[in-house]
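J.: You'll find work.pdb just under this line, and it carries PDB, C-alpha atoms.
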```pdb
ATOM      1  CA  MET B   1     117.363  88.606 126.923
ATOM      2  CA  SER B   2     118.090  91.950 125.220
ATOM      3  CA  GLY B   3     115.275  91.606 122.708
ATOM      4  CA  TRP B   4     115.140  92.649 119.095
ATOM      5  CA  LEU B   5     116.115  96.271 119.744
ATOM      6  CA  GLY B   6     119.005  95.473 122.073
ATOM      7  CA  ASN B   7     117.395  97.952 124.477
ATOM      8  CA  HIS B   8     114.209  98.045 126.518
ATOM      9  CA  LEU B   9     114.586 101.475 128.153
ATOM     10  CA  ILE B  10     111.742 103.803 127.241
ATOM     11  CA  THR B  11     113.314 107.166 126.431
ATOM     12  CA  GLN B  12     110.297 109.064 125.109
ATOM     13  CA  ILE B  13     106.510 109.103 125.022
ATOM     14  CA  GLY B  14     104.981 110.888 122.042
ATOM     15  CA  ILE B  15     101.515 112.450 122.264
ATOM     16  CA  LEU B  16      99.541 113.791 119.293
ATOM     17  CA  VAL B  17      97.705 117.062 119.766
ATOM     18  CA  ASN B  18      95.715 119.497 117.654
ATOM     19  CA  ASP B  19      96.943 122.673 119.362
ATOM     20  CA  ILE B  20     100.517 122.394 120.625
ATOM     21  CA  GLU B  21     100.599 125.936 122.042
ATOM     22  CA  LYS B  22      97.637 125.241 124.275
ATOM     23  CA  VAL B  23      98.640 121.747 125.376
ATOM     24  CA  SER B  24     102.265 122.658 126.066
ATOM     25  CA  GLY B  25     100.987 125.537 128.208
ATOM     26  CA  ALA B  26      98.794 123.094 130.135
ATOM     27  CA  TYR B  27     101.765 120.758 130.765
ATOM     28  CA  ALA B  28     103.953 123.656 131.892
ATOM     29  CA  ASP B  29     101.320 124.794 134.397
ATOM     30  CA  PHE B  30     100.456 121.304 135.657
ATOM     31  CA  PHE B  31     104.020 120.112 136.221
ATOM     32  CA  GLY B  32     105.657 123.432 137.063
ATOM     33  CA  LEU B  33     107.964 123.249 134.063
ATOM     34  CA  GLU B  34     109.130 125.971 131.736
ATOM     35  CA  LYS B  35     107.161 126.137 128.524
ATOM     36  CA  PRO B  36     109.613 124.806 125.941
ATOM     37  CA  ASP B  37     110.274 126.357 122.570
ATOM     38  CA  ILE B  38     108.167 124.812 119.865
ATOM     39  CA  VAL B  39     110.314 123.448 117.065
ATOM     40  CA  VAL B  40     109.256 122.467 113.565
ATOM     41  CA  THR B  41     110.616 119.383 111.826
ATOM     42  CA  ASP B  42     112.870 120.030 108.851
ATOM     43  CA  THR B  43     111.625 120.541 105.321
ATOM     44  CA  ALA B  44     111.405 117.456 103.108
ATOM     45  CA  ASP B  45     114.785 118.017 101.420
ATOM     46  CA  MET B  46     116.512 117.737 104.797
ATOM     47  CA  ALA B  47     114.180 115.398 106.694
ATOM     48  CA  LYS B  48     113.809 112.981 103.754
ATOM     49  CA  THR B  49     110.607 111.798 105.347
ATOM     50  CA  ARG B  50     109.061 108.647 103.908
ATOM     51  CA  TYR B  51     105.654 107.384 104.977
ATOM     52  CA  ASN B  52     104.566 103.901 103.920
ATOM     53  CA  GLY B  53     107.465 103.863 101.481
ATOM     54  CA  VAL B  54     106.595 107.144  99.754
ATOM     55  CA  ALA B  55     108.316 110.517 100.125
ATOM     56  CA  THR B  56     106.121 113.052 101.913
ATOM     57  CA  GLU B  57     106.289 116.783 102.566
ATOM     58  CA  ALA B  58     104.736 116.236 106.007
ATOM     59  CA  ARG B  59     106.064 118.291 108.892
ATOM     60  CA  ALA B  60     105.121 118.626 112.539
ATOM     61  CA  LYS B  61     105.477 121.078 115.401
ATOM     62  CA  LEU B  62     107.193 119.496 118.406
ATOM     63  CA  ALA B  63     107.583 120.389 122.086
ATOM     64  CA  PHE B  64     109.673 118.391 124.568
ATOM     65  CA  PHE B  65     109.364 118.120 128.347
ATOM     66  CA  ASP B  66     111.940 116.302 130.490
ATOM     67  CA  MET B  67     109.955 114.229 132.967
ATOM     68  CA  GLY B  68     112.531 112.103 134.723
ATOM     69  CA  SER B  69     114.523 109.800 132.492
ATOM     70  CA  VAL B  70     111.672 109.998 130.019
ATOM     71  CA  GLN B  71     110.992 112.819 127.614
ATOM     72  CA  LEU B  72     107.395 113.666 126.859
ATOM     73  CA  GLU B  73     107.013 114.848 123.252
ATOM     74  CA  LEU B  74     103.989 116.760 122.022
ATOM     75  CA  ILE B  75     103.399 116.540 118.267
ATOM     76  CA  GLU B  76     101.091 118.719 116.175
ATOM     77  CA  PRO B  77     101.228 117.398 112.610
ATOM     78  CA  ASP B  78     100.363 119.297 109.479
ATOM     79  CA  HIS B  79      97.869 117.892 106.958
ATOM     80  CA  GLN B  80     100.310 116.133 104.639
ATOM     81  CA  PRO B  81     100.375 112.306 104.764
ATOM     82  CA  SER B  82     102.217 111.000 107.832
ATOM     83  CA  THR B  83     101.858 108.509 110.664
ATOM     84  CA  TRP B  84     101.127 111.488 112.888
ATOM     85  CA  ARG B  85      98.250 112.822 110.754
ATOM     86  CA  ASP B  86      96.687 109.424 110.034
ATOM     87  CA  TYR B  87      96.939 108.232 113.644
ATOM     88  CA  LEU B  88      95.460 111.511 114.892
ATOM     89  CA  ASN B  89      92.609 111.281 112.401
ATOM     90  CA  GLU B  90      91.925 107.672 113.340
ATOM     91  CA  HIS B  91      92.481 107.653 117.114
ATOM     92  CA  GLY B  92      92.034 111.293 118.074
ATOM     93  CA  GLU B  93      94.440 113.152 120.308
ATOM     94  CA  GLY B  94      96.530 111.092 122.712
ATOM     95  CA  PRO B  95      99.665 108.930 122.968
ATOM     96  CA  HIS B  96     101.124 107.712 119.670
ATOM     97  CA  HIS B  97     104.478 106.053 120.430
ATOM     98  CA  ILE B  98     107.108 105.008 122.921
ATOM     99  CA  ALA B  99     110.699 105.475 121.761
ATOM    100  CA  PHE B 100     113.942 103.546 122.206
ATOM    101  CA  VAL B 101     117.506 104.468 121.303
ATOM    102  CA  VAL B 102     119.112 101.913 118.989
ATOM    103  CA  GLU B 103     122.396 101.356 117.226
ATOM    104  CA  GLY B 104     122.416 100.144 113.637
ATOM    105  CA  MET B 105     119.112 101.582 112.451
ATOM    106  CA  LYS B 106     119.074  99.806 109.070
ATOM    107  CA  GLU B 107     119.703  96.400 110.597
ATOM    108  CA  LYS B 108     117.089  96.956 113.299
ATOM    109  CA  ILE B 109     114.474  97.959 110.737
ATOM    110  CA  MET B 110     115.259  94.877 108.636
ATOM    111  CA  LEU B 111     115.121  92.627 111.690
ATOM    112  CA  LEU B 112     111.753  94.001 112.786
ATOM    113  CA  GLU B 113     110.309  93.848 109.286
ATOM    114  CA  GLY B 114     111.353  90.201 109.216
ATOM    115  CA  LYS B 115     109.435  89.660 112.450
ATOM    116  CA  GLY B 116     106.273  91.118 110.926
ATOM    117  CA  PHE B 117     106.536  94.746 112.084
ATOM    118  CA  PRO B 118     106.555  96.993 108.982
ATOM    119  CA  LEU B 119     108.410 100.277 108.818
ATOM    120  CA  GLN B 120     105.716 102.945 108.822
ATOM    121  CA  GLN B 121     107.654 106.203 108.645
ATOM    122  CA  LYS B 122     111.270 107.316 108.782
ATOM    123  CA  GLY B 123     113.136 110.563 108.587
ATOM    124  CA  GLU B 124     116.248 112.502 109.488
ATOM    125  CA  TYR B 125     116.844 115.191 112.082
ATOM    126  CA  THR B 126     120.005 117.114 112.938
ATOM    127  CA  GLY B 127     122.345 114.539 114.458
ATOM    128  CA  GLY B 128     120.266 111.461 113.871
ATOM    129  CA  ARG B 129     117.292 109.644 112.421
ATOM    130  CA  TYR B 130     114.064 108.011 113.486
ATOM    131  CA  ALA B 131     111.834 105.170 112.378
ATOM    132  CA  TYR B 132     108.287 104.376 113.443
ATOM    133  CA  MET B 133     107.628 100.652 113.303
ATOM    134  CA  ASP B 134     104.045  99.465 113.048
ATOM    135  CA  THR B 135     103.783  97.534 116.294
ATOM    136  CA  PHE B 136     100.250  98.695 117.098
ATOM    137  CA  LYS B 137      98.467  95.408 116.481
ATOM    138  CA  GLU B 138     100.775  93.480 118.818
ATOM    139  CA  LEU B 139     101.921  96.095 121.387
ATOM    140  CA  LYS B 140      98.948  98.510 121.262
ATOM    141  CA  VAL B 141     101.297 101.446 120.749
ATOM    142  CA  LEU B 142     103.825 102.314 118.046
ATOM    143  CA  VAL B 143     107.532 101.806 118.709
ATOM    144  CA  GLU B 144     109.885 104.530 117.518
ATOM    145  CA  LEU B 145     113.574 103.806 116.971
ATOM    146  CA  LEU B 146     116.008 106.680 117.475
ATOM    147  CA  GLU B 147     119.609 106.581 116.288
ATOM    148  CA  ASN B 148     121.905 109.433 117.235
ATOM    149  CA  ASP B 149     125.264 109.977 115.579
ATOM    150  CA  ASN B 150     127.004 111.571 118.532
ATOM    151  CA  LYS B 151     126.439 109.491 121.619
ATOM    152  CA  VAL B 152     126.899 111.362 124.880
TER
ATOM    153  CA  MET X   1     108.576 125.112 139.780
ATOM    154  CA  SER X   2     107.523 121.753 141.292
ATOM    155  CA  GLY X   3     103.993 121.937 139.910
ATOM    156  CA  TRP X   4     100.767 120.809 141.456
ATOM    157  CA  LEU X   5     101.894 117.221 142.106
ATOM    158  CA  GLY X   6     105.263 118.163 143.621
ATOM    159  CA  ASN X   7     106.737 115.687 141.140
ATOM    160  CA  HIS X   8     107.123 115.527 137.379
ATOM    161  CA  LEU X   9     108.882 112.159 137.037
ATOM    162  CA  ILE X  10     106.861 109.709 134.972
ATOM    163  CA  THR X  11     106.967 106.377 136.800
ATOM    164  CA  GLN X  12     104.492 104.351 134.749
ATOM    165  CA  ILE X  13     102.699 104.187 131.424
ATOM    166  CA  GLY X  14      99.406 102.280 131.461
ATOM    167  CA  ILE X  15      98.096 100.615 128.292
ATOM    168  CA  LEU X  16      94.602  99.140 127.916
ATOM    169  CA  VAL X  17      94.310  95.803 126.135
ATOM    170  CA  ASN X  18      91.619  93.255 125.369
ATOM    171  CA  ASP X  19      93.803  90.152 125.764
ATOM    172  CA  ILE X  20      96.540  90.593 128.347
ATOM    173  CA  GLU X  21      97.961  87.092 127.873
ATOM    174  CA  LYS X  22      98.577  87.727 124.196
ATOM    175  CA  VAL X  23      99.901  91.276 124.530
ATOM    176  CA  SER X  24     102.188  90.504 127.460
ATOM    177  CA  GLY X  25     103.618  87.630 125.422
ATOM    178  CA  ALA X  26     104.245  90.034 122.547
ATOM    179  CA  TYR X  27     106.080  92.494 124.850
ATOM    180  CA  ALA X  28     108.171  89.706 126.347
ATOM    181  CA  ASP X  29     109.240  88.519 122.885
ATOM    182  CA  PHE X  30     109.844  92.007 121.478
ATOM    183  CA  PHE X  31     111.932  93.320 124.362
ATOM    184  CA  GLY X  32     113.539  90.061 125.510
ATOM    185  CA  LEU X  33     111.903  90.291 128.927
ATOM    186  CA  GLU X  34     110.452  87.560 131.085
ATOM    187  CA  LYS X  35     106.711  87.255 130.785
ATOM    188  CA  PRO X  36     105.482  88.618 134.107
ATOM    189  CA  ASP X  37     102.817  87.024 136.269
ATOM    190  CA  ILE X  38      99.408  88.451 135.575
ATOM    191  CA  VAL X  39      97.844  89.819 138.729
ATOM    192  CA  VAL X  40      94.213  90.684 139.345
ATOM    193  CA  THR X  41      93.170  93.778 141.270
ATOM    194  CA  ASP X  42      91.557  93.142 144.660
ATOM    195  CA  THR X  43      87.863  92.508 145.158
ATOM    196  CA  ALA X  44      85.691  95.539 145.907
ATOM    197  CA  ASP X  45      85.736  95.057 149.691
ATOM    198  CA  MET X  46      89.513  95.466 149.684
ATOM    199  CA  ALA X  47      90.054  97.763 146.712
ATOM    200  CA  LYS X  48      87.198 100.110 147.677
ATOM    201  CA  THR X  49      87.105 101.208 144.061
ATOM    202  CA  ARG X  50      85.028 104.276 143.261
ATOM    203  CA  TYR X  51      84.388 105.435 139.715
ATOM    204  CA  ASN X  52      82.834 108.846 139.155
ATOM    205  CA  GLY X  53      81.968 108.937 142.840
ATOM    206  CA  VAL X  54      80.137 105.597 142.915
ATOM    207  CA  ALA X  55      81.364 102.282 144.366
ATOM    208  CA  THR X  56      82.068  99.716 141.646
ATOM    209  CA  GLU X  57      82.871  95.997 141.578
ATOM    210  CA  ALA X  58      85.207  96.577 138.622
ATOM    211  CA  ARG X  59      88.461  94.646 138.538
ATOM    212  CA  ALA X  60      91.287  94.356 136.053
ATOM    213  CA  LYS X  61      94.088  91.980 135.118
ATOM    214  CA  LEU X  62      97.485  93.683 135.248
ATOM    215  CA  ALA X  63     100.978  92.878 133.955
ATOM    216  CA  PHE X  64     104.056  95.006 134.649
ATOM    217  CA  PHE X  65     107.278  95.342 132.653
ATOM    218  CA  ASP X  66     110.286  97.292 133.943
ATOM    219  CA  MET X  67     111.525  99.337 131.002
ATOM    220  CA  GLY X  68     114.168 101.607 132.456
ATOM    221  CA  SER X  69     113.014 103.919 135.207
ATOM    222  CA  VAL X  70     109.518 103.571 133.790
ATOM    223  CA  GLN X  71     107.169 100.684 134.327
ATOM    224  CA  LEU X  72     104.911  99.685 131.473
ATOM    225  CA  GLU X  73     101.564  98.430 132.796
ATOM    226  CA  LEU X  74      99.154  96.395 130.697
ATOM    227  CA  ILE X  75      95.536  96.509 131.872
ATOM    228  CA  GLU X  76      92.707  94.194 130.809
ATOM    229  CA  PRO X  77      89.551  95.450 132.517
ATOM    230  CA  ASP X  78      86.420  93.442 133.209
ATOM    231  CA  HIS X  79      83.015  94.718 132.099
ATOM    232  CA  GLN X  80      81.966  96.510 135.297
ATOM    233  CA  PRO X  81      81.988 100.322 135.207
ATOM    234  CA  SER X  82      85.510 101.763 135.437
ATOM    235  CA  THR X  83      87.777 104.292 133.783
ATOM    236  CA  TRP X  84      89.534 101.330 132.176
ATOM    237  CA  ARG X  85      86.377  99.871 130.617
ATOM    238  CA  ASP X  86      84.901 103.187 129.486
ATOM    239  CA  TYR X  87      88.190 104.462 128.056
ATOM    240  CA  LEU X  88      88.745 101.166 126.236
ATOM    241  CA  ASN X  89      85.228 101.250 124.804
ATOM    242  CA  GLU X  90      85.632 104.854 123.709
ATOM    243  CA  HIS X  91      89.247 104.970 122.489
ATOM    244  CA  GLY X  92      90.030 101.328 121.735
ATOM    245  CA  GLU X  93      93.182  99.613 122.906
ATOM    246  CA  GLY X  94      96.189 101.807 123.637
ATOM    247  CA  PRO X  95      97.769 104.068 126.255
ATOM    248  CA  HIS X  96      95.448 105.278 129.029
ATOM    249  CA  HIS X  97      97.587 107.063 131.630
ATOM    250  CA  ILE X  98     100.955 108.260 132.816
ATOM    251  CA  ALA X  99     101.558 107.875 136.564
ATOM    252  CA  PHE X 100     103.353 109.928 139.201
ATOM    253  CA  VAL X 101     104.207 109.120 142.814
ATOM    254  CA  VAL X 102     102.779 111.678 145.239
ATOM    255  CA  GLU X 103     102.673 112.319 148.969
ATOM    256  CA  GLY X 104      99.434 113.443 150.578
ATOM    257  CA  MET X 105      96.948 111.866 148.190
ATOM    258  CA  LYS X 106      93.853 113.556 149.648
ATOM    259  CA  GLU X 107      95.372 117.030 149.451
ATOM    260  CA  LYS X 108      96.623 116.432 145.906
ATOM    261  CA  ILE X 109      93.193 115.291 144.757
ATOM    262  CA  MET X 110      91.555 118.342 146.341
ATOM    263  CA  LEU X 111      94.128 120.653 144.808
ATOM    264  CA  LEU X 112      93.634 119.194 141.330
ATOM    265  CA  GLU X 113      89.855 119.229 141.629
ATOM    266  CA  GLY X 114      90.128 122.910 142.521
ATOM    267  CA  LYS X 115      92.135 123.451 139.319
ATOM    268  CA  GLY X 116      89.384 121.834 137.227
ATOM    269  CA  PHE X 117      90.680 118.259 137.012
ATOM    270  CA  PRO X 118      88.007 115.944 138.480
ATOM    271  CA  LEU X 119      88.818 112.720 140.281
ATOM    272  CA  GLN X 120      87.699 109.970 137.934
ATOM    273  CA  GLN X 121      88.536 106.768 139.812
ATOM    274  CA  LYS X 122      90.327 105.786 142.995
ATOM    275  CA  GLY X 123      91.117 102.577 144.811
ATOM    276  CA  GLU X 124      93.408 100.789 147.230
ATOM    277  CA  TYR X 125      96.085  98.176 146.651
ATOM    278  CA  THR X 126      98.338  96.382 149.093
ATOM    279  CA  GLY X 127     100.644  99.068 150.440
ATOM    280  CA  GLY X 128      99.086 102.065 148.791
ATOM    281  CA  ARG X 129      96.395 103.732 146.780
ATOM    282  CA  TYR X 130      95.818 105.285 143.365
ATOM    283  CA  ALA X 131      93.708 108.018 141.825
ATOM    284  CA  TYR X 132      93.032 108.713 138.171
ATOM    285  CA  MET X 133      92.462 112.412 137.555
ATOM    286  CA  ASP X 134      90.576 113.476 134.449
ATOM    287  CA  THR X 135      93.277 115.456 132.703
ATOM    288  CA  PHE X 136      92.428 114.193 129.228
ATOM    289  CA  LYS X 137      90.959 117.397 127.850
ATOM    290  CA  GLU X 138      94.020 119.454 128.810
ATOM    291  CA  LEU X 139      96.920 116.950 128.714
ATOM    292  CA  LYS X 140      95.554 114.414 126.152
ATOM    293  CA  VAL X 141      96.265 111.553 128.558
ATOM    294  CA  LEU X 142      95.027 110.713 132.054
ATOM    295  CA  VAL X 143      97.277 111.376 135.050
ATOM    296  CA  GLU X 144      97.385 108.700 137.748
ATOM    297  CA  LEU X 145      98.545 109.548 141.260
ATOM    298  CA  LEU X 146     100.212 106.777 143.262
ATOM    299  CA  GLU X 147     100.764 106.971 147.003
ATOM    300  CA  ASN X 148     102.763 104.229 148.672
ATOM    301  CA  ASP X 149     102.827 103.763 152.459
ATOM    302  CA  ASN X 150     106.321 102.310 152.691
ATOM    303  CA  LYS X 151     108.733 104.437 150.749
ATOM    304  CA  VAL X 152     111.869 102.629 149.720
TER
END
```
What does the file become when written as structure tokens?
T.:
Amino acid sequence: MSGWLGNHLITQIGILVNDIEKVSGAYADFFGLEKPDIVVTDTADMAKTRYNGVATEARAKLAFFDMGSVQLELIEPDHQPSTWRDYLNEHGEGPHHIAFVVEGMKEKIMLLEGKGFPLQQKGEYTGGRYAYMDTFKELKVLVELLENDNKV
Amino acid sequence: MSGWLGNHLITQIGILVNDIEKVSGAYADFFGLEKPDIVVTDTADMAKTRYNGVATEARAKLAFFDMGSVQLELIEPDHQPSTWRDYLNEHGEGPHHIAFVVEGMKEKIMLLEGKGFPLQQKGEYTGGRYAYMDTFKELKVLVELLENDNKV
């Protein structure tokens, strides 16, 4: 009963926004949290971002809030091709994905692709990597896989 | 630093769908979870649902999945006026709200209305009550307040 990911614990909710400074300020006020530093995803040489199978220079500004066992991630994408930019253009601002920690990223991606869920975007970050699987048609939200090299 | 709700722990993510049977089956398969019973919200005499200040007969089919400390709620609304129906018509299928448990529902609603976040919809369920606050413009997702009479 562990499912295709081997994990069903939601670890993150990702929300697309046009103005991350403004929205992160609104979250900080509403929930009484410190306004987090805004970080920018790595440049293409480090992030190795691929969107729909093609390398992309796309980057995004990110802000993270710890809200219980779940992290809320705000994402302001740039205008290069990415799941973030296309989803924002199509759906407007709002939630984009729920994320799950996995082990064996390559195998999980292959398994899901075999089940009919294409890899939409993947990339690297310091200490790990992510993959957005196109689960929207079936689950009505994208699923992000996160694999971290140093497990705590 | 506790914020206006006195709580910043996300307890639920609500996702609007057109066909709850199909989508709940997809979640069960994907995450290796049992397909939950689909429940229907109470009739208007019991639920006392009000949307934008007006009583409504609106009901919805609901299905809940436990996904860590967060519950994922699928919502298939009927065609009576509700936040569910209007949001679904406007945004299409996808995430609608994040929910937080509160104490003192009336005071919390008044506090948030004073901060510029109008009450959008409220109603009763067995053992408690809910309120959707219109936080979309600022937080890019609706915030639902949940108040339960018997705390565990």
J.: Between atom CA of Gln120 of chain B and atom CA of Thr83 of chain B, measure the distance and give it in Å to one decimal.
T.: 7.0 Å
J.: Write out as a list in words which residues come within 12 Å of Asp45 of chain B when counting all atoms listed in the file, dropping same-chain ones fewer than 3 positions away.
T.: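 Contacts, in chain order: Thr41, Asp42, Lys48, Thr49, Arg50, Ala55, Thr56, Glu57, Ala58, Arg59, Gly123, Glu124 and Tyr125 of chain B.
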J.: Find the spatial neighbours of Asn148 of chain B, counting all atoms listed in the file, within a cut-off of 12 Å - ignore same-chain residues fewer than 4 positions away - and output them as a compact mmCIF listing (two decimals) with C-alpha atoms, in the coordinates of the input.
T.:
```
# COMPACT_ATOMS: atom_id res chain seq x y z
CA PHE B 100 113.94 103.55 122.21
CA VAL B 101 117.51 104.47 121.30
CA VAL B 102 119.11 101.91 118.99
CA GLU B 103 122.40 101.36 117.23
CA GLY B 104 122.42 100.14 113.64
CA MET B 105 119.11 101.58 112.45
CA GLU B 124 116.25 112.50 109.49
CA TYR B 125 116.84 115.19 112.08
CA THR B 126 120.00 117.11 112.94
CA GLY B 127 122.34 114.54 114.46
CA GLY B 128 120.27 111.46 113.87
CA ARG B 129 117.29 109.64 112.42
CA TYR B 130 114.06 108.01 113.49
CA ALA B 131 111.83 105.17 112.38
CA VAL B 152 126.90 111.36 124.88
```
J.: For the file shown, what are the residues hit by the PyMOL selection byres ((chain B) within 6 of (chain X)), laid out as a PyMOL selection string?
T.: chain B and resi 1-4+8-10+30-32+67-68+94+140-141
J.: Please measure the separation of atom CA of Glu73 of chain B and atom CA of Gln12 of chain B, giving the value in Å to one decimal.
T.: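 Computing the Euclidean distance for atom CA of Glu73 of chain B and atom CA of Gln12 of chain B yields 6.9 Å.
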J.: Grab the atom CA of Val54 of chain B to atom CA of Trp84 of chain B distance for me, in Å with one decimal place.
T.: 14.9 Å
J.: Select, from X:Gly114, X:Gly14, X:Pro81, X:Pro36, the residue with the minimum atom-to-atom distance to Ala63 of chain X, counting all atoms listed in the file.
T.: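 Between X:Gly114, X:Gly14, X:Pro81, X:Pro36, the residue approaching Ala63 of chain X most closely is X:Pro36.
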J.: With only C-alpha atoms as the atoms that count, which of B:Met110, B:Ala47, B:Leu62, B:Ile75 lies nearest to Lys122 of chain B?
T.: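 Of the candidates, the smallest distance to Lys122 of chain B is held by B:Ala47.
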